[in-house]
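Undergrad: There's a structure below that I have some questions on.
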Amino acid sequence: MTGRWHRGLVVFLLGLASVVTVSPSSAGPGAHGPNGEHLDGPALGSGRGVVPRMEARTELFELVARREADGLAIYVDRYDTNEPVLGAAIEVEAGDVKAKAAFRPDRGDYLVSDPPLLAALGVPGSHPLVIAITAGKDADLLEGALVVSPAESHAGRNLLQSRQAIAVSLVAGVALLGAVVVVIRRRRARPAALVVATLIVLVVAMPVWSGPGAHGPGGEHLDAQGSAAPAGLARLPDGSVNVPKASQRRMGIRTVAPVAGEAAATVTLPARVLPDPNAGGRVQASHGGRLEARPRGFPVPGQTVKRGEVLALARHHADPFARASQQAQLAEVRANRAIADQRLKRLEELEGTVPRKEVEAALAEAESLRERESRLAASIEAREPLVAPVDGVVARADAIAGQVVEPGHVLFEIVDPGRWVVEATTGDLALALRISGAALEGFPGASLKLLGAARSLREGVVPVTFSVVASQPGDRLPLAVGQPVTVIATLSNRVQGIVLPAEAVVRSPANEPIVWIKSGAERFIAQPVRYQPIDARSVVVTSGLSADNRVVVQGAALIGQIR
């Protein structure tokens with residue numbers, strides 16, 4: 001019985017050894033993964049290993065070709081503007097093999113899926129490519145080389161073999177460990193045999209423990225990240241940024257080739273927004289009193305009012321002594337008016353016997369006393385209507401029922417939202433006299449018209465007044481009374497530099513003005529510059545750029561956010 005059990009264990013171990021020997025090679029050349037890809041082919045865009053790619057450019061086009069799982073993907077852009085070239089005719093030639101690329105509208109690139117060409121590009125080595133591009137009236141040939149290293153060519157096969165070795169090693173280790181346990185339980189194992197069995201288990205299970213970081217014959221990490229440029233968005237150690245073509249399309253990155261020229265010198269001035277004095281007004285109480293609301297209530301900021309509309313009522317309240325004096329005067333006038341009425345009545349009864357002029361004099365005296373009584377009574381309980389002086393929008397409201405106000409207190413401020421003035425300040429009167437035009441920073445839909453500079457200092461500065469003109473008639477600019485703004489004043493002298501859109505200049509993490517220069521098809525470099533604003537839309541770079549730089553003018557802020 002014991003011999004039979006030993007023979008069975010030996011047969012089991014021999015079978016297991018045959019499985020270990022055969023399994024790594026059972027996949028054979030051309031094995032396929034779950035998506036149909038060749039597992040022993042080149043590593044394609046998985047983020048592990050180096051992805052074969054090629055860059056090429058001419059005066060018309062810039063191209064990036066990258067080997068992916070489904071073929072050779074090609075991105076084509078205009079060289080100067082980085083604008084994607086869509087719907088072009090592209091033909092790729094690799095040696096004696098030619099193939100056409102199909103445009104993919106959903107991705108904005110072109111795909112070469114011809115099997116003979118892909119097979120030729122799967123062989124390790126440098127593969128010269130000639131790519132013919134025809135886009136409308138423009139046609140050009142771009143040349144380059146797609147380099148496929150042996151590690152890239154066999155990365156898929158190494159990965160498969162390592163996975164199979166791990167699985168088989170696990171099975172073999174578990175089987176041998178079970179055999180050792182059985183021997184120990186029968187209490188027939190000697191110490192030396194136990195040590196030998198344990199060593200066998202450790203050797204067989206070693207591939208499992210090696211795990212990630214396994215090395216190839218040359219000592220390279222089979223599963224390590226490739227040493228080439230990263231395939232995704234990344235900030236590189238030298239400070240530059242890698243932005244793949246697909247990401248450039250999503251971010252809408254555009255470039256220009258700068259042209260040196262000249263522009264008017266500018267200076268920035270602090271300013272504040274004021275209502276146009278010819279289109280706005282204030283509502284003030286001419287006498288002190290207590291506020292009362294109109295039947296519709298008090299107007300609120302933002303509400304439209306009409307000229308002459310009553311906005312509030314102010315009931316006048318005199319001090320007690322003045323009020324007592326008014327009431328005494330009213331009582332005296334009422335008594336005199338009663339006497340005058342009685343005298344007029346008697347004279348009217350004697351009409352014909354008394355002269356007519358006495359009757360008329362009595363009538364005039366009675367009417368005068370009646371008017372004085374009415375005015376005195378009204379003055380004691382007087383209510384002053386506070387009316388809007390102009391048509392417009394209530395910009396400020398400081399009124400509440402029962403509020404006691406003093407004479408001259410500003411209760412409402414009314415402005416015309418289509419008419420504003422901007423008051424800038426400068427300490428240099430000579431500078432103020434050299435201003436020829438201006439713009440409002442941050443408001444591309446507005447322009448400024450110079451009204452004039454004061455000839456007297458106010459708190460040590462010279463006020464310079466501009467009127468705000470909307471680019472489109474009827475536009476309501478987002479401005480408010482007292483809002484601080486910055487005026488870009490244009491001077492009469494000129495300055496040399498490169499004119500760029502204002503959004504091309506961004507700030508670095510050190511708060512330094514920079515522009516992004518496109519140094520390669522997918523690489524961008526931050527370049528510090530000096531600049532002056534021209535208006536709300538453009539700036540002039542005075543130093544830091546040359547004519548051969550391609551400057552990012554759209555999407556620069558997005559590139560700066562990549563970490």
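Ordering of the structure tokens sets the chain letters (A, B, ...), residue numbers begin anew at 1 in every chain, and ligands are numbered from 1 in the order given.
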Write out as a list in words which residues come within 9 Å of region 291-303 of chain A when counting only C-alpha atoms, dropping same-chain ones fewer than 5 positions away.
TA: Val310, Leu311, Ala312, Leu313, Ala314, Arg315, His316, Arg383, Gly392, Val393, Val394, Ala395, Arg396, Ala397, Asp398, Ala399, Ile400, Ala401, Gly402, Gln403, Val404, Val405, Phe412 and Glu413 of chain A
Undergrad: As a PyMOL selection string, list the residues of region 99-133 of chain A assigned to alpha helix (DSSP H) by DSSP on the backbone atoms of this structure.
TA: chain A and resi 115-121
Undergrad: With distances taken over only C-alpha atoms, which of A:Asp80, A:Glu309, A:Asp535, A:Glu522 is nearest to Leu491 (chain A)?
TA: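 Among the listed residues, A:Asp535 lies closest to Leu491 (chain A).
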Undergrad: Which residue gives the smallest distance to Ala94 (chain A) among A:Glu143, A:Glu55, A:Asp276, A:Asp70, with only C-alpha atoms counted?
TA: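 Once distances to Ala94 (chain A) are computed over only C-alpha atoms, the minimum belongs to A:Glu143.
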Undergrad: To test your reading of the structure, identify every residue in region 368-560 of chain A that backbone DSSP assigns to strand (DSSP E or B), and report it as an MDAnalysis selection string.
TA: chainID A and resid 383:387 392:397 404:405 410:415 420:426 435:440 446:453 458 461:470 484:501 506:507 513:518 523:528 530:533 538:543 551:554
Undergrad: Quick check, in Å to one decimal: how far apart do CA of Ala556 (chain A) and CA of Val256 (chain A) lie?
TA: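 These two atoms are separated by 12.3 Å.
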Undergrad: Using only C-alpha atoms, can you tell me which of A:Ala257, A:Leu386, A:Val487, A:Ala470 comes closest to Ala424 (chain A)?
TA: A:Val487
Undergrad: Just to confirm, what's the straight-line distance from CA of Ala504 (chain A) to CA of Ser247 (chain A) in Å (one decimal)?
TA: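 If I compute the distance from CA of Ala504 (chain A) to CA of Ser247 (chain A), I get 18.5 Å.
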